[in-house]
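K.L.:
Structure supplied as input_22.csv; contents: CSV, C-alpha atoms.
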```
chain,number,residue,atom,x,y,z
O,1,MET,CA,45.6,150.9,50.2
O,2,GLN,CA,47.8,149.0,47.8
O,3,LYS,CA,50.7,151.4,48.5
O,4,ILE,CA,50.5,150.7,52.2
O,5,ARG,CA,50.5,146.9,51.6
O,6,LEU,CA,53.5,147.3,49.2
O,7,LEU,CA,55.3,149.4,51.7
O,8,ALA,CA,54.6,147.0,54.6
O,9,PHE,CA,55.6,144.0,52.4
O,10,SER,CA,58.9,145.8,51.4
O,11,PHE,CA,59.6,146.6,55.0
O,12,LEU,CA,59.0,142.9,56.0
O,13,ILE,CA,61.4,141.7,53.2
O,14,PHE,CA,64.0,144.2,54.4
O,15,LEU,CA,63.7,142.9,58.0
O,16,LEU,CA,63.9,139.3,56.9
O,17,SER,CA,66.9,139.9,54.6
O,18,PHE,CA,68.6,141.8,57.4
O,19,SER,CA,68.0,138.9,59.8
O,20,LEU,CA,69.5,136.4,57.4
O,21,PHE,CA,72.7,138.4,57.3
O,22,SER,CA,72.7,138.7,61.1
O,23,CYS,CA,72.1,135.0,61.6
O,24,LYS,CA,75.5,134.4,60.0
O,25,ALA,CA,77.2,137.1,62.1
O,26,TYR,CA,79.1,135.1,64.6
O,27,GLY,CA,81.5,138.0,64.8
O,28,ILE,CA,84.2,138.6,67.3
O,29,THR,CA,83.2,140.5,70.4
O,30,GLU,CA,85.2,141.8,73.2
O,31,ASN,CA,85.0,139.9,76.4
O,32,LEU,CA,83.1,142.4,78.5
O,33,SER,CA,82.7,140.2,81.5
O,34,ALA,CA,86.4,140.1,82.2
O,35,SER,CA,85.7,136.9,84.2
O,36,SER,CA,88.1,136.3,87.0
O,37,SER,CA,88.3,132.6,86.0
O,38,SER,CA,91.7,131.7,84.7
O,39,GLN,CA,90.2,129.2,82.3
O,40,GLN,CA,88.8,131.0,79.3
O,41,ILE,CA,86.3,129.2,77.1
O,42,ASN,CA,87.2,129.3,73.4
O,43,TYR,CA,83.7,130.3,72.3
O,44,GLU,CA,82.8,133.7,70.9
O,45,LEU,CA,79.5,135.2,71.6
O,46,PRO,CA,78.0,137.1,68.7
O,47,TYR,CA,77.5,140.8,68.8
O,48,PRO,CA,74.0,141.4,70.2
O,49,GLY,CA,72.9,144.2,67.9
O,50,LEU,CA,70.1,146.2,69.3
O,51,LEU,CA,69.8,146.0,73.1
O,52,PRO,CA,66.5,145.7,74.9
O,53,ASP,CA,66.9,149.3,76.2
O,54,SER,CA,66.7,150.6,72.7
O,55,PRO,CA,63.4,152.2,71.5
O,56,LEU,CA,63.7,150.2,68.3
O,57,TYR,CA,64.2,146.9,70.0
O,58,PHE,CA,60.6,145.9,69.2
O,59,LEU,CA,61.5,145.8,65.5
O,60,ARG,CA,64.2,143.2,66.3
O,61,VAL,CA,61.8,141.1,68.3
O,62,ILE,CA,59.3,141.2,65.4
O,63,ARG,CA,62.0,140.2,62.9
O,64,ASP,CA,63.3,137.4,65.1
O,65,LYS,CA,59.8,136.0,65.7
O,66,ALA,CA,59.1,136.1,61.9
O,67,VAL,CA,62.3,134.3,61.1
O,68,SER,CA,61.7,131.8,63.8
O,69,PHE,CA,58.2,131.1,62.5
O,70,LEU,CA,59.6,130.4,59.0
O,71,ILE,CA,62.1,127.8,60.0
O,72,SER,CA,60.6,124.3,59.9
O,73,ASP,CA,63.7,122.2,60.0
O,74,PRO,CA,64.5,121.2,63.6
O,75,LEU,CA,68.3,121.4,63.1
O,76,LYS,CA,68.1,124.8,61.5
O,77,LYS,CA,65.7,125.9,64.3
O,78,ALA,CA,68.2,124.6,66.9
O,79,GLU,CA,71.0,126.6,65.3
O,80,PHE,CA,68.8,129.7,65.2
O,81,ASP,CA,67.7,129.3,68.8
O,82,LEU,CA,71.4,128.9,69.8
O,83,LEU,CA,72.3,132.1,68.0
O,84,GLN,CA,69.4,133.9,69.8
O,85,SER,CA,70.5,132.5,73.1
O,86,ASP,CA,74.1,133.6,72.6
O,87,LYS,CA,73.0,137.1,71.4
O,88,ARG,CA,70.7,137.5,74.5
O,89,LEU,CA,73.5,136.4,76.8
O,90,ASN,CA,75.9,138.9,75.3
O,91,ALA,CA,73.2,141.6,75.4
O,92,GLY,CA,72.8,140.8,79.1
O,93,ILE,CA,76.6,141.4,79.6
O,94,TYR,CA,76.3,144.7,77.8
O,95,LEU,CA,73.3,145.7,79.9
O,96,PHE,CA,75.0,144.7,83.1
O,97,ASN,CA,78.1,146.8,82.2
O,98,LYS,CA,75.7,149.7,81.6
O,99,GLY,CA,74.4,149.3,85.1
O,100,LYS,CA,71.0,147.9,84.1
O,101,THR,CA,71.1,144.8,86.2
O,102,SER,CA,67.3,144.1,86.2
O,103,LEU,CA,67.1,144.3,82.4
O,104,ALA,CA,70.3,142.2,82.2
O,105,PHE,CA,68.7,139.5,84.3
O,106,SER,CA,65.5,139.3,82.2
O,107,THR,CA,67.7,139.2,79.0
O,108,VAL,CA,69.9,136.4,80.4
O,109,SER,CA,66.7,134.5,81.4
O,110,LYS,CA,65.5,134.8,77.9
O,111,ALA,CA,68.8,133.5,76.7
O,112,GLN,CA,68.3,130.4,78.8
O,113,ASN,CA,64.8,130.0,77.3
O,114,TYR,CA,66.3,130.0,73.8
O,115,PHE,CA,69.0,127.6,74.8
O,116,GLU,CA,66.4,125.1,76.2
O,117,GLU,CA,64.4,125.5,73.0
O,118,ALA,CA,67.6,124.6,71.0
O,119,LEU,CA,67.9,121.5,73.1
O,120,ASP,CA,64.3,120.6,72.4
O,121,LYS,CA,64.8,121.0,68.7
O,122,THR,CA,68.0,119.0,68.8
O,123,ALA,CA,66.1,116.2,70.6
O,124,GLU,CA,63.4,116.4,68.0
O,125,ALA,CA,65.9,116.0,65.1
O,126,LYS,CA,67.5,113.1,66.9
O,127,LYS,CA,64.2,111.3,67.2
O,128,GLN,CA,63.8,111.8,63.4
O,129,GLY,CA,67.1,109.9,63.0
O,130,ARG,CA,69.1,113.0,61.9
O,131,ASN,CA,72.8,113.4,62.7
O,132,VAL,CA,73.0,115.9,65.5
O,133,ASN,CA,76.6,115.5,66.4
O,134,ASP,CA,77.6,119.0,65.1
O,135,ILE,CA,74.8,120.9,66.9
O,136,GLU,CA,75.4,119.0,70.1
O,137,GLU,CA,79.1,119.9,70.0
O,138,LYS,CA,78.1,123.6,69.5
O,139,LEU,CA,75.6,123.4,72.3
O,140,ARG,CA,78.3,121.9,74.6
O,141,SER,CA,80.7,124.7,73.8
O,142,ALA,CA,78.0,127.3,74.2
O,143,LEU,CA,76.9,125.8,77.5
O,144,GLU,CA,80.4,126.1,78.9
O,145,LYS,CA,80.5,129.8,77.9
O,146,HIS,CA,77.1,130.4,79.4
O,147,LYS,CA,78.2,128.8,82.6
O,148,GLN,CA,81.3,130.9,82.7
O,149,GLU,CA,79.3,134.2,82.2
O,150,LEU,CA,76.6,133.2,84.7
O,151,ALA,CA,79.3,132.6,87.3
O,152,PHE,CA,80.6,136.1,86.6
O,153,PHE,CA,77.1,137.5,87.1
O,154,VAL,CA,76.7,135.7,90.4
O,155,GLU,CA,80.1,136.9,91.5
O,156,LYS,CA,79.5,140.6,90.6
O,157,VAL,CA,75.8,141.3,91.2
O,158,GLY,CA,74.5,142.8,94.3
O,159,THR,CA,72.6,140.6,96.9
O,160,ASN,CA,69.2,141.6,95.5
O,161,PHE,CA,69.9,139.8,92.2
O,162,LYS,CA,72.3,137.1,93.3
O,163,ALA,CA,69.5,134.5,93.9
O,164,SER,CA,68.0,135.3,90.5
O,165,PHE,CA,71.3,134.7,88.7
O,166,GLN,CA,71.9,131.6,90.8
O,167,LYS,CA,68.6,130.2,89.5
O,168,GLU,CA,69.8,130.8,86.0
O,169,GLN,CA,73.0,128.9,86.9
O,170,LYS,CA,70.8,126.0,88.0
O,171,ARG,CA,69.0,126.1,84.7
O,172,THR,CA,72.4,125.7,82.9
O,173,ILE,CA,73.2,122.7,85.0
O,174,ASP,CA,69.8,121.2,84.1
O,175,SER,CA,70.6,121.9,80.4
O,176,GLU,CA,73.9,120.2,80.8
O,177,LYS,CA,72.2,117.1,82.2
O,178,ARG,CA,69.8,117.1,79.2
O,179,LEU,CA,72.6,117.5,76.8
O,180,SER,CA,74.5,114.5,78.3
O,181,HIS,CA,71.7,112.1,77.7
```
Go ahead and render the structure in this file as structure tokens.
P.N.:
Amino acid sequence: MQKIRLLAFSFLIFLLSFSLFSCKAYGITENLSASSSSQQINYELPYPGLLPDSPLYFLRVIRDKAVSFLISDPLKKAEFDLLQSDKRLNAGIYLFNKGKTSLAFSTVSKAQNYFEEALDKTAEAKKQGRNVNDIEEKLRSALEKHKQELAFFVEKVGTNFKASFQKEQKRTIDSEKRLSH
């Protein structure tokens, strides 16, 4: 029984240490969307890592939930949520390019959820009297990138998913209003 606990604890430590390295991984990714917009946003989306269509994706979800649970500082939590949002958006792009539009939509929707959570945590830190200028600037840049990619989705998806992606576009507009206040 002790060996099983030790093995489980070691595995958890491995997952957590891996997540700490991946949290810093705002690496360069290729622009898979090839947006027709002539104005390119200078904001790099991080490599998404495992995609939701992977059989091992549940391990990533467990790791991310564990890391999220352990973050108590609202500014650090906002940074983490923004990272998760960006990774999910980029995963949605990858999935869309693989022809998995339904999974891409649900992944992009989760990206928006994480973005809204980042806004909530930023507001919480602001109420505490913390300096939130840096995270707000990152959120503004990320929001522009999210708007650009969602416009690409709306332009390229079939009619059966167009309304769904337009709903996500509206969520980004709502997020923009929240960020402006």
K.L.:
Smallest atom-to-atom distance to Lys145 (chain O): which of O:Asn90, O:Gly158, O:Lys110, O:Val67, using all atoms listed in the file?
P.N.:
O:Asn90
K.L.:
Could you tell me which of O:Lys147, O:Val61, O:Asp86, O:Phe161 comes closest to Leu103 (chain O) if we count only C-alpha atoms?
P.N.:
O:Phe161
K.L.:
With distances taken over all atoms listed in the file, which residue among O:Glu116, O:Asp73, O:Asp53, O:Asp64 lies nearest Ala142 (chain O)?
P.N.:
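The answer is O:Glu116, which sits nearest to Ala142 (chain O).
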K.L.:
If we count all atoms listed in the file and set the cut-off at 12 Å, which residues sit around Leu139 (chain O), ignoring sequence neighbours fewer than 3 positions away in its own chain? Please answer as a count of residues only.
P.N.:
36
K.L.:
From the options O:Leu56, O:Ala66, O:Leu51, O:Ala123, which residue's atoms come nearest to Arg88 (chain O), counting only C-alpha atoms?
P.N.:
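Residue with the minimum atom-to-atom distance to Arg88 (chain O): O:Leu51.
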K.L.:
Using CA of Lys65 (chain O) and CA of Gln166 (chain O) as the two end points, give the distance in Å to one decimal.
P.N.:
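If I compute the distance from CA of Lys65 (chain O) to CA of Gln166 (chain O), I get 28.2 Å.
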K.L.:
Taking only C-alpha atoms into account, which of O:Ala125, O:Ile93, O:Ile62, O:Ile41 comes nearest Leu150 (chain O)?
P.N.:
O:Ile93
K.L.:
With only C-alpha atoms as the atoms that count, which of O:Ala151, O:Tyr94, O:Gln84, O:Leu45 lies nearest to Lys170 (chain O)?
P.N.:
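Using only C-alpha atoms, Lys170 (chain O) sits closest to O:Ala151.
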K.L.:
Can you tell me how far CA of Phe69 (chain O) sits from CA of Glu137 (chain O), in Å to one decimal?
P.N.:
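These atoms are spaced 24.9 Å apart.
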K.L.:
Please rebuild region 123-138 of chain O with N, CA and C atoms and return the result as a compact mmCIF listing (two decimals), in the coordinates of the input.
P.N.:
```
# COMPACT_ATOMS: atom_id res chain seq x y z
N ALA O 123 66.74 117.47 70.20
CA ALA O 123 66.10 116.20 70.60
C ALA O 123 65.12 115.73 69.52
N GLU O 124 64.35 116.68 69.01
CA GLU O 124 63.40 116.40 68.00
C GLU O 124 64.06 115.85 66.71
N ALA O 125 65.14 116.49 66.31
CA ALA O 125 65.90 116.00 65.10
C ALA O 125 66.50 114.67 65.37
N LYS O 126 66.96 114.42 66.58
CA LYS O 126 67.50 113.10 66.90
C LYS O 126 66.48 112.02 66.81
N LYS O 127 65.26 112.32 67.27
CA LYS O 127 64.20 111.30 67.20
C LYS O 127 63.83 111.04 65.71
N GLN O 128 64.07 112.01 64.84
CA GLN O 128 63.80 111.80 63.40
C GLN O 128 64.93 111.02 62.73
N GLY O 129 65.97 110.67 63.51
CA GLY O 129 67.10 109.90 63.00
C GLY O 129 68.14 110.76 62.30
N ARG O 130 68.12 112.05 62.54
CA ARG O 130 69.10 113.00 61.90
C ARG O 130 70.40 112.94 62.71
N ASN O 131 71.48 113.27 62.03
CA ASN O 131 72.80 113.40 62.70
C ASN O 131 72.86 114.71 63.41
N VAL O 132 72.96 114.66 64.72
CA VAL O 132 73.00 115.90 65.50
C VAL O 132 74.31 116.11 66.21
N ASN O 133 75.34 115.40 65.79
CA ASN O 133 76.60 115.50 66.40
C ASN O 133 77.19 116.94 66.40
N ASP O 134 77.08 117.61 65.24
CA ASP O 134 77.60 119.00 65.10
C ASP O 134 76.92 119.96 66.03
N ILE O 135 75.59 119.94 66.02
CA ILE O 135 74.80 120.90 66.90
C ILE O 135 75.05 120.57 68.33
N GLU O 136 75.16 119.30 68.69
CA GLU O 136 75.40 119.00 70.10
C GLU O 136 76.77 119.48 70.54
N GLU O 137 77.76 119.42 69.66
CA GLU O 137 79.10 119.90 70.00
C GLU O 137 79.04 121.45 70.20
N LYS O 138 78.31 122.14 69.32
CA LYS O 138 78.10 123.60 69.50
C LYS O 138 77.41 123.92 70.77
```
